[in-house]
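Heads up, the thing below is written out as structure tokens.
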Amino acid sequence: MILFAKKEKIDRYLPGSEIIFEWRQTASKIAHDFRINWREPFFKIYNEIWSNINARNLRIPFQEGLFQREIFAYSEKPIREAVLNAVAHRDYNISTQSIFITASPENFTIESPGGFLPGITPENVLYKREWRNRCIAETLEKAGLVERSGQGMKELIIRHLMKNKKGIMKDFQDIFPELKTMNISNLLRELKKEGKICHLGPRNTGHWELVKNT
């Protein structure tokens, strides 16, 4: 029903199956500058959600040697993955809350009703696989929309290195304040194993860079 049902059925039987997007010109602003909400079958609105986010995307200039280049504030791949995870793993028994996406030039947040499942903690959330809504998750996976855990976070690391040319553990701790250093180290090691990044210098005082052909 969440993925395919008609709007009137969702309104009647699953009124909490709603996604709200709010944009603010500054993160500290109370009133929103733009707001849209969807209570539609997810496959119908999947691309529309990203289109509304991307319409407010900002180009950020950076210097690469002699060349001036640009990257977007929001990268499509991790944003789409985060939305998919919110839909697949929210608690639909909580009918009084919606999936809430809030964005500004400085911040991007997705809130999905429901806490961690039993056995899931901030320390193992990247690697321990549990299902809250198995049918939804499997359908999204079979549709080729859901990738394996951690891909969105890896994309954020890659984007940081593209923009800043290098990164140290403190940088990644600022990006992922909810993760322990061990989890961040695991992500970095996986990216290194995939041939996308490399570590230069001493173990404790060196830094990470993109592999040149990334």
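Residues are referred to by chain and number: the chain letter is A, B, ... according to the order shown in the structure tokens, the number counts from 1 in that chain, and ligands are numbered separately from 1 in the order shown.
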Review point. Looking only at the backbone, which of the residues in range 79-195 of chain A does DSSP tag as helix (DSSP H, G or I), as a ChimeraX atom specification?
Key: /A:79-89,134-142,151-164,169-175,181-193
Review point. If we count only C-alpha atoms, what is near range 107-121 of chain A at a cut-off of 10 Å, once residues fewer than 6 positions away on the same chain are taken out, given as JSON, numbers by chain?
Key: {"A": [16, 19, 20, 21, 23, 24, 26, 27, 73, 74, 79, 82, 83, 85, 86, 87, 88, 89, 90, 91, 92, 93, 94, 95, 96, 97, 98, 99, 100, 101, 127, 128, 129, 130, 131, 132]}
Once you have the residues from the selection above, write them out as a compact mmCIF listing (two decimals), in the first residue's frame, restricted to N, CA and C atoms.
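Result file out_4.txt:
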# COMPACT_ATOMS: atom_id res chain seq x y z
N GLY A 16 -0.51 8.45 8.35
CA GLY A 16 0.84 8.81 8.78
C GLY A 16 1.90 8.56 7.72
N ILE A 19 5.30 12.35 3.66
CA ILE A 19 6.65 12.93 3.62
C ILE A 19 6.50 14.43 3.48
N ILE A 20 7.18 15.17 4.34
CA ILE A 20 7.12 16.64 4.33
C ILE A 20 8.52 17.18 4.07
N PHE A 21 8.61 18.15 3.18
CA PHE A 21 9.88 18.81 2.89
C PHE A 21 9.75 20.30 3.16
N TRP A 23 12.08 23.98 3.33
CA TRP A 23 13.32 24.68 3.00
C TRP A 23 13.35 26.03 3.70
N ARG A 24 14.50 26.37 4.27
CA ARG A 24 14.71 27.67 4.90
C ARG A 24 15.98 28.30 4.35
N THR A 26 17.91 30.24 5.90
CA THR A 26 18.91 30.08 6.96
C THR A 26 18.41 29.02 7.93
N ALA A 27 19.33 28.23 8.46
CA ALA A 27 18.94 27.10 9.32
C ALA A 27 18.26 27.55 10.60
N ALA A 73 25.81 21.54 -3.22
CA ALA A 73 25.71 21.36 -1.78
C ALA A 73 25.12 20.00 -1.44
N TYR A 74 24.12 19.56 -2.21
CA TYR A 74 23.47 18.28 -1.97
C TYR A 74 23.76 17.34 -3.13
N ILE A 79 21.35 11.59 -0.92
CA ILE A 79 20.04 12.12 -0.53
C ILE A 79 18.95 11.11 -0.87
N ALA A 82 19.09 8.24 1.57
CA ALA A 82 18.57 8.59 2.89
C ALA A 82 17.03 8.59 2.89
N VAL A 83 16.43 9.11 1.82
CA VAL A 83 14.97 9.11 1.71
C VAL A 83 14.44 7.68 1.64
N ASN A 85 15.85 4.97 2.80
CA ASN A 85 15.99 4.35 4.11
C ASN A 85 14.91 4.81 5.08
N ALA A 86 14.57 6.10 5.00
CA ALA A 86 13.52 6.62 5.88
C ALA A 86 12.18 5.95 5.59
N VAL A 87 11.87 5.75 4.32
CA VAL A 87 10.61 5.11 3.94
C VAL A 87 10.62 3.62 4.31
N ALA A 88 11.74 2.97 4.08
CA ALA A 88 11.82 1.52 4.31
C ALA A 88 11.82 1.15 5.78
N HIS A 89 12.36 2.02 6.63
CA HIS A 89 12.61 1.62 8.02
C HIS A 89 11.83 2.42 9.06
N ARG A 90 10.92 3.29 8.62
CA ARG A 90 10.14 4.03 9.61
C ARG A 90 9.13 3.10 10.28
N ASP A 91 8.63 3.54 11.43
CA ASP A 91 7.62 2.78 12.16
C ASP A 91 6.24 3.30 11.74
N TYR A 92 5.54 2.52 10.93
CA TYR A 92 4.24 2.95 10.41
C TYR A 92 3.12 2.78 11.44
N ASN A 93 3.44 2.22 12.60
CA ASN A 93 2.46 2.18 13.68
C ASN A 93 2.31 3.55 14.34
N ILE A 94 3.28 4.43 14.12
CA ILE A 94 3.20 5.79 14.65
C ILE A 94 2.48 6.65 13.61
N SER A 95 1.20 6.83 13.79
CA SER A 95 0.38 7.51 12.78
C SER A 95 0.35 9.02 12.96
N THR A 96 0.91 9.52 14.07
CA THR A 96 0.85 10.96 14.35
C THR A 96 2.10 11.70 13.87
N GLN A 97 3.05 11.00 13.27
CA GLN A 97 4.28 11.63 12.81
C GLN A 97 4.52 11.29 11.34
N SER A 98 5.20 12.20 10.66
CA SER A 98 5.54 12.01 9.25
C SER A 98 7.05 11.96 9.09
N ILE A 99 7.50 11.49 7.95
CA ILE A 99 8.91 11.64 7.59
C ILE A 99 9.13 13.11 7.28
N PHE A 100 10.10 13.71 7.95
CA PHE A 100 10.31 15.15 7.85
C PHE A 100 11.68 15.44 7.26
N ILE A 101 11.71 16.13 6.13
CA ILE A 101 12.96 16.55 5.49
C ILE A 101 13.08 18.06 5.65
N TYR A 127 26.42 -1.84 9.90
CA TYR A 127 26.79 -3.18 9.47
C TYR A 127 25.80 -4.27 9.86
N LYS A 128 24.97 -4.03 10.86
CA LYS A 128 24.00 -5.04 11.28
C LYS A 128 22.69 -4.81 10.54
N ARG A 129 22.22 -5.82 9.87
CA ARG A 129 21.04 -5.67 9.02
C ARG A 129 19.81 -6.26 9.72
N GLU A 130 18.85 -5.41 9.97
CA GLU A 130 17.58 -5.83 10.55
C GLU A 130 16.45 -5.21 9.73
N TRP A 131 15.28 -5.86 9.75
CA TRP A 131 14.16 -5.40 8.95
C TRP A 131 13.03 -4.92 9.86
N ARG A 132 12.58 -3.71 9.67
CA ARG A 132 11.34 -3.27 10.31
C ARG A 132 10.17 -3.51 9.36
Exercise for review: Can you pull out every residue within 10 Å of His160 in chain A, counting only C-alpha atoms, but drop anything in the same chain fewer than 6 positions away, and send it as a ChimeraX atom specification?
Suggested key: /A:154,166-167,171-172,175,209-210
Selection file, N, CA and C atoms, as a JSON list (two decimals), in the first residue's frame:
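Heads up, here's the output in selection_18.json:
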[["chain", "number", "residue", "atom", "x", "y", "z"],
["A", 154, "LYS", "N", 29.70, 6.91, 2.44],
["A", 154, "LYS", "CA", 30.93, 6.89, 1.64],
["A", 154, "LYS", "C", 30.92, 8.02, 0.61],
["A", 166, "LYS", "N", 41.84, 17.02, 0.82],
["A", 166, "LYS", "CA", 42.32, 16.06, 1.81],
["A", 166, "LYS", "C", 41.40, 16.09, 3.02],
["A", 167, "GLY", "N", 41.53, 15.09, 3.87],
["A", 167, "GLY", "CA", 40.70, 15.04, 5.06],
["A", 167, "GLY", "C", 41.39, 14.26, 6.17],
["A", 171, "ASP", "N", 37.81, 15.91, 10.54],
["A", 171, "ASP", "CA", 36.86, 16.35, 9.51],
["A", 171, "ASP", "C", 35.68, 15.39, 9.43],
["A", 172, "PHE", "N", 35.98, 14.10, 9.41],
["A", 172, "PHE", "CA", 34.92, 13.10, 9.25],
["A", 172, "PHE", "C", 34.09, 12.96, 10.52],
["A", 175, "ILE", "N", 31.52, 15.55, 10.18],
["A", 175, "ILE", "CA", 30.49, 15.18, 9.20],
["A", 175, "ILE", "C", 29.53, 14.16, 9.80],
["A", 209, "GLU", "N", 43.32, 11.23, 0.95],
["A", 209, "GLU", "CA", 43.10, 11.90, -0.33],
["A", 209, "GLU", "C", 42.40, 10.94, -1.28],
["A", 210, "LEU", "N", 41.80, 11.53, -2.32],
["A", 210, "LEU", "CA", 41.24, 10.70, -3.38],
["A", 210, "LEU", "C", 42.35, 10.09, -4.21]]
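The shortest atom-to-atom distance to Phe34 in chain A, with only C-alpha atoms taken into account, belongs to A:Ala103 out of A:Glu138, A:Lys77, A:Tyr46, A:Ala103.
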Dump as JSON lines the rows for residues of range 89-186 of chain A within 9 Å of range 62-72 of chain A: closest atom pair and distance in Å with one decimal, only C-alpha atoms counted, ordered by chain and rising residue number.
{"residue": "A:Arg159", "atom": "CA", "partner": "A:Ile71", "partner_atom": "CA", "distance": 8.4}
{"residue": "A:Met162", "atom": "CA", "partner": "A:Ile71", "partner_atom": "CA", "distance": 8.6}
{"residue": "A:Lys163", "atom": "CA", "partner": "A:Phe62", "partner_atom": "CA", "distance": 6.4}
{"residue": "A:Asn164", "atom": "CA", "partner": "A:Phe62", "partner_atom": "CA", "distance": 8.1}
{"residue": "A:Lys165", "atom": "CA", "partner": "A:Glu64", "partner_atom": "CA", "distance": 8.3}
Check your understanding: Which of these residues is nearest to Gly201 in chain A, using only C-alpha atoms: A:Ile168, A:Ala137, A:Ile36, A:Met153?
Key -> A:Ile168
Practice item. Could you pull out the residues in range 77-114 of chain A that DSSP calls strand (DSSP E or B) from the backbone, as JSON, numbers by chain? Key: {"A": [99, 100, 101, 102, 103, 108, 109, 110, 111]}
**Study point:** A:Leu188, A:Ile45, A:Leu140, A:Leu156 ranked by distance to Met169 in chain A, top pick (using only C-alpha atoms)
**Key:** A:Leu188
**Study point:** Coordinates-based distance that separates CA of Phe43 in chain A from CA of Asn133 in chain A (Å, one decimal)
**Key:**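 One can read the CA of Asn133 in chain A to CA of Phe43 in chain A distance as 16.1 Å.
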